[in-house]
>>> print(open('start.cif').read())   # mmCIF, C-alpha atoms
data_upload
loop_
_atom_site.label_atom_id
_atom_site.label_comp_id
_atom_site.auth_asym_id
_atom_site.auth_seq_id
_atom_site.Cartn_x
_atom_site.Cartn_y
_atom_site.Cartn_z
CA MET K 857 -18.24 5.85 -18.01
CA SER K 858 -15.82 7.80 -20.21
CA ILE K 859 -12.86 6.19 -21.93
CA GLN K 860 -10.48 8.24 -19.81
CA LEU K 861 -12.12 7.13 -16.55
CA ARG K 862 -12.10 3.47 -17.64
CA ALA K 863 -8.42 3.76 -18.51
CA SER K 864 -7.70 5.29 -15.10
CA PHE K 865 -9.51 2.49 -13.31
CA LYS K 866 -7.57 -0.06 -15.34
CA LYS K 867 -4.28 1.68 -14.56
CA GLU K 868 -4.97 1.70 -10.81
CA TYR K 869 -6.18 -1.90 -10.86
CA LEU K 870 -3.14 -3.18 -12.75
CA ALA K 871 -0.74 -1.13 -10.63
CA PHE K 872 -2.30 -2.49 -7.45
CA PHE K 873 -2.45 -6.14 -8.42
CA ARG K 874 0.54 -6.58 -10.74
CA THR K 875 2.91 -5.12 -8.17
CA LYS K 876 1.61 -7.83 -5.77
CA ARG K 877 0.68 -5.14 -3.24
CA ALA K 878 -2.92 -6.29 -3.17
CA LEU K 879 -1.71 -9.81 -2.36
CA ILE K 880 0.65 -8.56 0.35
CA ILE K 881 -2.04 -6.41 1.97
CA SER K 882 -4.49 -9.33 1.89
CA ALA K 883 -1.93 -11.65 3.46
CA VAL K 884 -1.06 -9.12 6.17
CA LEU K 885 -4.62 -8.22 7.21
CA ILE K 886 -6.00 -11.76 7.15
CA GLY K 887 -2.76 -13.16 8.58
CA LEU K 888 -2.91 -10.77 11.55
CA ALA K 889 -6.57 -11.66 12.14
CA ILE K 890 -5.60 -15.34 12.36
CA PHE K 891 -2.27 -14.97 14.13
CA MET K 892 -3.44 -12.83 17.06
CA PRO K 893 -5.99 -15.35 18.44
CA LEU K 894 -3.34 -18.05 18.14
CA MET K 895 -0.82 -15.91 19.97
CA ILE K 896 -3.23 -15.06 22.80
CA TRP K 897 -4.21 -18.74 23.11
CA GLY K 898 -0.55 -19.77 23.14
CA LEU K 899 0.18 -17.22 25.85
CA GLY K 900 -2.61 -18.71 27.96
CA VAL K 901 -1.24 -22.24 27.47
CA LEU K 902 2.25 -21.08 28.41
CA MET K 903 1.05 -19.31 31.56
CA ASN K 904 -0.97 -22.37 32.54
CA ALA K 905 2.09 -24.60 32.12
CA MET K 906 4.14 -22.21 34.25
CA SER K 907 1.48 -21.87 36.97
CA PRO K 908 3.50 -23.92 39.53
CA ILE K 909 6.34 -21.44 39.15
CA TYR K 910 3.98 -18.51 39.59
CA GLU K 911 2.50 -20.17 42.70
CA GLU K 912 5.95 -20.52 44.22
CA LEU K 913 6.40 -16.79 43.68
CA GLY K 914 3.08 -16.13 45.39
CA MET K 915 1.27 -15.13 42.20
CA ASP K 916 -2.18 -16.40 41.25
CA VAL K 917 -2.53 -16.34 37.46
CA SER K 918 -5.52 -18.68 37.23
CA ILE K 919 -7.94 -15.88 36.35
CA MET K 920 -5.62 -14.57 33.67
CA THR K 921 -5.04 -17.99 32.10
CA GLU K 922 -8.77 -18.69 32.12
CA MET K 923 -9.48 -15.40 30.39
CA LEU K 924 -6.79 -15.96 27.77
CA GLY K 925 -7.68 -19.55 27.03
CA SER K 926 -11.47 -19.84 27.16
CA SER K 927 -13.28 -17.04 25.31
CA VAL K 928 -13.76 -16.85 21.55
CA SER K 929 -14.52 -13.15 21.90
CA MET K 930 -11.01 -12.56 23.24
CA GLY K 931 -9.52 -14.04 20.07
CA VAL K 932 -11.80 -12.15 17.68
CA MET K 933 -11.36 -8.85 19.54
CA THR K 934 -7.57 -9.09 19.34
CA GLY K 935 -7.73 -10.08 15.67
CA VAL K 936 -9.97 -7.14 14.75
CA SER K 937 -7.90 -4.73 16.85
CA GLU K 938 -4.67 -5.81 15.21
CA MET K 939 -6.13 -5.33 11.71
CA THR K 940 -7.01 -1.73 12.55
CA ALA K 941 -3.62 -1.10 14.19
CA THR K 942 -0.66 -2.92 12.63
CA GLY K 943 -2.71 -3.82 9.55
CA LEU K 944 -3.54 -0.16 8.95
CA ILE K 945 0.13 0.84 9.18
CA VAL K 946 1.14 -1.74 6.56
CA LEU K 947 -1.82 -0.79 4.36
CA LEU K 948 -1.02 2.93 4.34
CA ILE K 949 2.67 2.36 3.63
CA LEU K 950 2.02 -0.06 0.78
CA ILE K 951 -0.37 2.28 -1.03
CA ASN K 952 2.04 5.23 -0.83
CA SER K 953 2.81 4.99 -4.53
CA PHE K 954 -0.88 5.35 -5.35
CA ALA K 955 -1.53 8.14 -2.83
CA GLY K 956 0.55 10.81 -4.51
CA GLY K 957 3.85 8.96 -4.60
CA GLU K 958 3.74 8.78 -8.39
CA GLN K 959 3.85 12.57 -8.58
CA LYS K 960 7.57 12.46 -7.77
CA LYS K 961 8.34 10.51 -10.94
CA ARG K 962 8.51 12.53 -14.13
CA SER K 963 7.61 9.52 -16.29
CA ILE K 964 4.16 9.15 -14.71
CA ILE K 965 3.46 12.64 -13.39
CA ILE K 966 -0.13 13.67 -13.89
CA PRO K 967 -0.23 14.63 -17.60
CA SER K 968 -2.92 17.29 -17.32
CA SER K 969 -1.42 19.02 -20.32
CA SER K 970 -2.36 15.93 -22.32
CA GLY K 971 -5.96 15.99 -21.18
CA LEU K 972 -6.09 13.90 -18.02
CA ARG K 973 -8.65 15.44 -15.69
CA GLY K 974 -8.52 15.48 -11.93
CA PHE K 975 -11.76 13.50 -11.68
CA ALA K 976 -10.38 10.60 -13.71
CA TYR K 977 -7.11 10.65 -11.76
CA ILE K 978 -8.62 10.83 -8.26
CA SER K 979 -11.86 8.82 -8.46
CA PRO K 980 -10.40 5.31 -9.04
CA LYS K 981 -8.16 5.73 -6.00
CA PHE K 982 -11.17 6.43 -3.78
CA VAL K 983 -12.92 3.31 -5.07
CA ILE K 984 -10.30 0.58 -5.40
CA TYR K 985 -8.20 1.02 -2.25
CA PRO K 986 -10.90 1.82 0.35
CA LEU K 987 -13.20 -0.95 -0.91
CA THR K 988 -10.33 -3.44 -0.89
CA ALA K 989 -9.60 -2.56 2.74
CA PHE K 990 -13.31 -2.85 3.63
CA VAL K 991 -13.72 -6.31 2.09
CA LEU K 992 -10.49 -7.62 3.62
CA ALA K 993 -11.53 -6.39 7.08
CA ILE K 994 -14.77 -8.39 6.92
CA ILE K 995 -12.95 -11.48 5.64
CA GLY K 996 -10.34 -11.06 8.37
CA ALA K 997 -13.00 -10.79 11.09
CA PHE K 998 -14.62 -14.06 10.01
CA ALA K 999 -11.22 -15.73 9.64
CA SER K 1000 -10.43 -14.66 13.20
CA TRP K 1001 -13.77 -16.05 14.37
CA GLY K 1002 -13.14 -19.33 12.57
CA ILE K 1003 -9.74 -19.99 14.13
CA SER K 1004 -10.93 -18.77 17.55
CA SER K 1005 -13.91 -21.16 17.48
CA VAL K 1006 -11.46 -24.03 17.02
CA ILE K 1007 -8.93 -23.19 19.73
CA TYR K 1008 -11.12 -21.55 22.41
CA GLU K 1009 -13.64 -23.27 24.64
CA VAL K 1010 -16.44 -20.75 25.20
CA ASN K 1011 -18.11 -19.42 22.06
CA ASP K 1012 -19.58 -16.11 23.23
CA VAL K 1013 -19.61 -14.55 19.76
CA SER K 1014 -22.43 -14.50 17.23
CA SER K 1015 -22.16 -14.16 13.47
CA GLY K 1016 -23.92 -10.79 13.72
CA GLY K 1017 -21.30 -9.48 16.13
CA VAL K 1018 -18.47 -10.66 13.89
CA LEU K 1019 -20.09 -9.10 10.82
CA LEU K 1020 -20.67 -5.79 12.59
CA GLY K 1021 -17.13 -5.80 13.96
CA GLY K 1022 -15.76 -6.48 10.48
CA ILE K 1023 -17.90 -3.73 8.95
CA LEU K 1024 -16.83 -1.17 11.54
CA ALA K 1025 -13.18 -2.19 11.17
CA GLY K 1026 -13.54 -1.91 7.40
CA VAL K 1027 -15.10 1.55 7.62
CA SER K 1028 -12.28 2.61 9.95
CA LEU K 1029 -9.66 1.42 7.44
CA MET K 1030 -11.54 3.13 4.61
CA PHE K 1031 -11.58 6.42 6.50
CA TYR K 1032 -7.83 6.48 7.01
CA VAL K 1033 -7.15 5.32 3.45
CA CYS K 1034 -9.28 8.18 2.10
CA CYS K 1035 -7.52 10.69 4.36
CA HIS K 1036 -4.15 9.32 3.19
CA ILE K 1037 -5.10 9.61 -0.47
CA THR K 1038 -6.33 13.17 0.01
CA LEU K 1039 -3.23 14.35 1.84
CA GLY K 1040 -0.87 12.45 -0.43
CA THR K 1041 -2.31 13.53 -3.76
CA SER K 1042 -2.81 17.11 -2.58
CA THR K 1043 0.75 17.60 -1.34
CA GLY K 1044 2.69 15.06 -3.41
CA GLN K 1045 4.25 13.90 -0.13
CA ALA K 1046 2.85 10.40 0.30
CA GLY K 1047 5.33 9.47 3.03
CA VAL K 1048 4.41 12.45 5.16
CA SER K 1049 0.74 11.76 4.56
CA ALA K 1050 1.11 8.14 5.70
CA ALA K 1051 2.99 9.27 8.82
CA VAL K 1052 0.27 11.79 9.72
CA CYS K 1053 -2.51 9.21 9.30
CA ILE K 1054 -0.62 6.55 11.27
CA VAL K 1055 0.10 8.92 14.16
CA ALA K 1056 -3.53 10.06 14.16
CA SER K 1057 -4.78 6.46 14.26
CA LEU K 1058 -2.46 5.56 17.13
CA ILE K 1059 -2.96 8.65 19.27
CA LEU K 1060 -6.56 9.68 18.72
CA SER K 1061 -8.09 6.22 19.18
CA ASN K 1062 -6.21 5.81 22.47
CA VAL K 1063 -7.15 9.30 23.63
CA PHE K 1064 -10.84 8.69 23.02
CA SER K 1065 -10.73 5.25 24.62
CA LEU K 1066 -9.21 6.76 27.78
CA THR K 1067 -11.48 9.78 28.03
CA SER K 1068 -14.81 8.18 27.16
CA SER K 1069 -16.53 4.82 27.05
CA ASP K 1070 -18.91 6.03 24.32
CA TYR K 1071 -17.32 5.66 20.89
CA MET K 1072 -20.40 6.56 18.87
CA TYR K 1073 -20.36 9.33 16.23
CA ASN K 1074 -16.56 9.35 16.32
CA PRO K 1075 -14.70 8.11 13.21
CA PHE K 1076 -11.38 8.08 15.05
CA ALA K 1077 -12.72 5.64 17.64
CA LEU K 1078 -14.22 3.20 15.13
CA SER K 1079 -11.37 0.74 15.68
CA VAL K 1080 -12.18 0.57 19.41
CA LEU K 1081 -15.90 0.24 18.69
CA ALA K 1082 -15.24 -2.53 16.14
CA ALA K 1083 -13.47 -4.66 18.73
CA SER K 1084 -15.96 -3.96 21.51
CA VAL K 1085 -19.12 -5.01 19.61
CA VAL K 1086 -17.82 -8.51 18.90
CA GLN K 1087 -18.93 -9.93 22.24
CA GLU K 1088 -22.62 -10.83 22.47
CA GLY K 1089 -23.20 -8.83 25.65
CA ALA K 1090 -21.65 -5.70 24.18
CA LEU K 1091 -23.52 -6.22 20.89
CA ALA K 1092 -26.86 -6.36 22.69
CA ALA K 1093 -26.13 -3.04 24.41
CA VAL K 1094 -25.35 -1.24 21.14
CA SER K 1095 -28.09 0.80 19.52
CA PRO K 1096 -28.47 0.00 15.79
CA ARG K 1097 -29.41 3.63 15.17
CA ASP K 1098 -26.21 4.87 16.81
CA VAL K 1099 -24.08 2.44 14.80
CA ILE K 1100 -25.76 3.46 11.53
CA MET K 1101 -25.33 7.14 12.35
CA THR K 1102 -21.65 6.59 13.19
CA ILE K 1103 -21.07 4.82 9.87
CA LEU K 1104 -22.97 7.51 7.96
CA ILE K 1105 -20.97 10.31 9.60
CA THR K 1106 -17.74 8.55 8.64
CA LEU K 1107 -18.93 8.03 5.07
CA VAL K 1108 -19.89 11.70 4.80
CA LEU K 1109 -16.40 12.68 5.97
CA MET K 1110 -14.92 10.38 3.32
CA VAL K 1111 -17.00 12.08 0.65
CA ILE K 1112 -15.83 15.48 1.94
CA VAL K 1113 -12.14 14.53 1.80
CA TYR K 1114 -12.74 13.15 -1.72
CA PHE K 1115 -14.06 16.50 -2.91
CA ILE K 1116 -11.16 18.26 -1.18
CA ALA K 1117 -8.71 16.04 -3.08
CA LEU K 1118 -10.59 16.67 -6.33
CA PHE K 1119 -10.65 20.43 -5.75
CA VAL K 1120 -6.92 20.58 -4.98
CA GLN K 1121 -6.10 18.41 -7.98
CA ASN K 1122 -8.11 20.61 -10.33
CA ALA K 1123 -6.49 23.72 -8.84
CA LYS K 1124 -2.97 22.48 -9.42
CA LYS K 1125 -0.94 23.93 -12.22
CA ILE K 1126 1.73 21.52 -13.39
CA ASP K 1127 4.78 22.86 -15.19
CA ASN K 1128 6.92 20.15 -16.79
CA SER K 1129 9.48 22.52 -18.26
CA GLY K 1130 13.00 22.84 -16.90
CA ASP K 1131 14.94 20.42 -14.76
CA GLU K 1132 12.67 20.49 -11.75
CA ILE K 1133 9.08 19.43 -11.43
CA ARG K 1134 6.95 22.24 -10.02
CA ILE K 1135 3.46 21.47 -8.84
#
>>> encode(input="start.cif", output="structure tokens")
Amino acid sequence: MSIQLRASFKKEYLAFFRTKRALIISAVLIGLAIFMPLMIWGLGVLMNAMSPIYEELGMDVSIMTEMLGSSVSMGVMTGVSEMTATGLIVLLILINSFAGGEQKKRSIIIPSSSGLRGFAYISPKFVIYPLTAFVLAIIGAFASWGISSVIYEVNDVSSGGVLLGGILAGVSLMFYVCCHITLGTSTGQAGVSAAVCIVASLILSNVFSLTSSDYMYNPFALSVLAASVVQEGALAAVSPRDVIMTILITLVLMVIVYFIALFVQNAKKIDNSGDEIRI
């Protein structure tokens, strides 16, 4: 590893951790994974306590309260889903500064005239931030399983299902992080890039979940697939080959967007003269 690349990795690492953004992202993702099962369980307890009122109104909520308050899979599924929804939004916003946001500041604009190459500038971003999201997703999935096993009655989740759900959720987060970094560093508009990725994650996953029950080979539906494989019955119906192929397709797309970001960065001509920064 060259000195320049090592320095770039150190810069990204220090910027990520010393600004406490790594800590905030960790707290948000793992916190959501723990909070959602608790919230669903609390909703079930509340509905059960209010069942006499519902009965007076002619409403039978016994099936709903049983579903909300008995299954571990319900807690883990909601925890994993929330990490890939709200957690993703927070993640993309917090890494804005590292996904091209620094290009707006003259003091840390890419000093290509001083010898910094696009490879050294781009590569650490595609390692540190996606891998952090991947690891946190797995930790969050197991944290969700742990709290759900305590508060729910029926444990219909296996460690394999939780691990696979965490891996798929992590790959989903990685995919959007890589897309965000590519768009942000290529355009210098990190805010716009985050907005595009957030809208895509919200709309496309819902579109595919409504139009098809098969989420294989589709990176945009990974979040739905991650939640669905948690339950033992659903896990048994999933083909390992299809899951591996889906992950590989997503990884290939991440490599492609990396090379796009690298190509655009190398093609940029930065002019630091005058009052305005022209990229």
>>> closest_residue(input="start.cif", among="K:Val946, K:Val1006, K:Val1027, K:Val991", to="Pro893 of chain K", atoms="only C-alpha atoms")
K:Val1006
>>> closest_residue(input="start.cif", among="K:Leu1039, K:Leu899, K:Met1072, K:Ala1082", to="Glu938 of chain K", atoms="all atoms listed in the file")
K:Ala1082
>>> residues_around(input="start.cif", residues="Gly1044 of chain K", least_positions_apart="4", cutoff="6 Å", atoms="all atoms listed in the file", output="PDB file with C-alpha atoms, in the frame of the given file")
ATOM      1  CA  GLY K 956       0.550  10.810  -4.510  1.00  0.00           C
ATOM      2  CA  GLN K 959       3.850  12.570  -8.580  1.00  0.00           C
ATOM      3  CA  GLY K1040      -0.870  12.450  -0.430  1.00  0.00           C
TER       4      GLY K1040
END
>>> atom_distance(input="start.cif", atom1="atom CA of Ile881 of chain K", atom2="atom CA of Thr988 of chain K")
9.3 Å
>>> resolve_selection(input="start.cif", expression="the PyMOL selection byres ((chain K and resi 1117) around 10)", output="PyMOL selection string")
chain K and resi 974-975+978-979+982+1034-1035+1037-1043+1111-1116+1118-1123
>>> write_last_selection(input="start.cif", atoms="C-alpha atoms", output="PDB file, in the frame of the given file")
ATOM      1  CA  GLY K 974      -8.520  15.480 -11.930  1.00  0.00           C
ATOM      2  CA  PHE K 975     -11.760  13.500 -11.680  1.00  0.00           C
ATOM      3  CA  ILE K 978      -8.620  10.830  -8.260  1.00  0.00           C
ATOM      4  CA  SER K 979     -11.860   8.820  -8.460  1.00  0.00           C
ATOM      5  CA  PHE K 982     -11.170   6.430  -3.780  1.00  0.00           C
ATOM      6  CA  CYS K1034      -9.280   8.180   2.100  1.00  0.00           C
ATOM      7  CA  CYS K1035      -7.520  10.690   4.360  1.00  0.00           C
ATOM      8  CA  ILE K1037      -5.100   9.610  -0.470  1.00  0.00           C
ATOM      9  CA  THR K1038      -6.330  13.170   0.010  1.00  0.00           C
ATOM     10  CA  LEU K1039      -3.230  14.350   1.840  1.00  0.00           C
ATOM     11  CA  GLY K1040      -0.870  12.450  -0.430  1.00  0.00           C
ATOM     12  CA  THR K1041      -2.310  13.530  -3.760  1.00  0.00           C
ATOM     13  CA  SER K1042      -2.810  17.110  -2.580  1.00  0.00           C
ATOM     14  CA  THR K1043       0.750  17.600  -1.340  1.00  0.00           C
ATOM     15  CA  VAL K1111     -17.000  12.080   0.650  1.00  0.00           C
ATOM     16  CA  ILE K1112     -15.830  15.480   1.940  1.00  0.00           C
ATOM     17  CA  VAL K1113     -12.140  14.530   1.800  1.00  0.00           C
ATOM     18  CA  TYR K1114     -12.740  13.150  -1.720  1.00  0.00           C
ATOM     19  CA  PHE K1115     -14.060  16.500  -2.910  1.00  0.00           C
ATOM     20  CA  ILE K1116     -11.160  18.260  -1.180  1.00  0.00           C
ATOM     21  CA  LEU K1118     -10.590  16.670  -6.330  1.00  0.00           C
ATOM     22  CA  PHE K1119     -10.650  20.430  -5.750  1.00  0.00           C
ATOM     23  CA  VAL K1120      -6.920  20.580  -4.980  1.00  0.00           C
ATOM     24  CA  GLN K1121      -6.100  18.410  -7.980  1.00  0.00           C
ATOM     25  CA  ASN K1122      -8.110  20.610 -10.330  1.00  0.00           C
ATOM     26  CA  ALA K1123      -6.490  23.720  -8.840  1.00  0.00           C
TER      27      ALA K1123
END
>>> atom_distance(input="start.cif", atom1="atom CA of Ile859 of chain K", atom2="atom CA of Tyr977 of chain K")
12.5 Å
>>> residues_around(input="start.cif", residues="Ala993 of chain K", least_positions_apart="6", cutoff="10 Å", atoms="only C-alpha atoms", output="VMD selection string")
chain K and resid 882 885 to 886 889 936 939 to 940 943 987 999 1019 1021 to 1030
>>> atom_distance(input="start.cif", atom1="atom CA of Val932 of chain K", atom2="atom CA of Arg1097 of chain K")
23.8 Å
>>> closest_residue(input="start.cif", among="K:Ser1000, K:Ser937, K:Ser929, K:Lys981", to="Leu894 of chain K", atoms="all atoms listed in the file")
K:Ser1000
>>> closest_residue(input="start.cif", among="K:His1036, K:Ser1005, K:Ile945, K:Ala863", to="Met1110 of chain K", atoms="only C-alpha atoms")
K:His1036
>>> residues_around(input="start.cif", residues="Ser1061 of chain K", least_positions_apart="3", cutoff="8 Å", atoms="all atoms listed in the file", output="PyMOL selection string")
chain K and resi 1056-1058+1064-1065+1076-1080
>>> closest_residue(input="start.cif", among="K:Thr875, K:Asn1011, K:Thr934, K:Ser927", to="Ser953 of chain K", atoms="only C-alpha atoms")
K:Thr875
>>> closest_residue(input="start.cif", among="K:Phe1031, K:Phe954, K:Phe891, K:Phe990", to="Gly1047 of chain K", atoms="only C-alpha atoms")
K:Phe954
>>> residues_around(input="start.cif", residues="Gln860 of chain K", least_positions_apart="2", cutoff="8 Å", atoms="all atoms listed in the file", output="ChimeraX atom specification")
/K:858,862-864,972,976
>>> residues_around(input="start.cif", residues="Arg877 of chain K", least_positions_apart="3", cutoff="12 Å", atoms="all atoms listed in the file", output="list in words")
Glu868, Tyr869, Leu870, Ala871, Phe872, Phe873, Arg874, Ile880, Ile881, Ser882, Ala883, Val884, Val946, Leu947, Leu948, Ile949, Leu950, Ile951, Asn952, Ser953, Phe954, Tyr985 and Thr988 of chain K
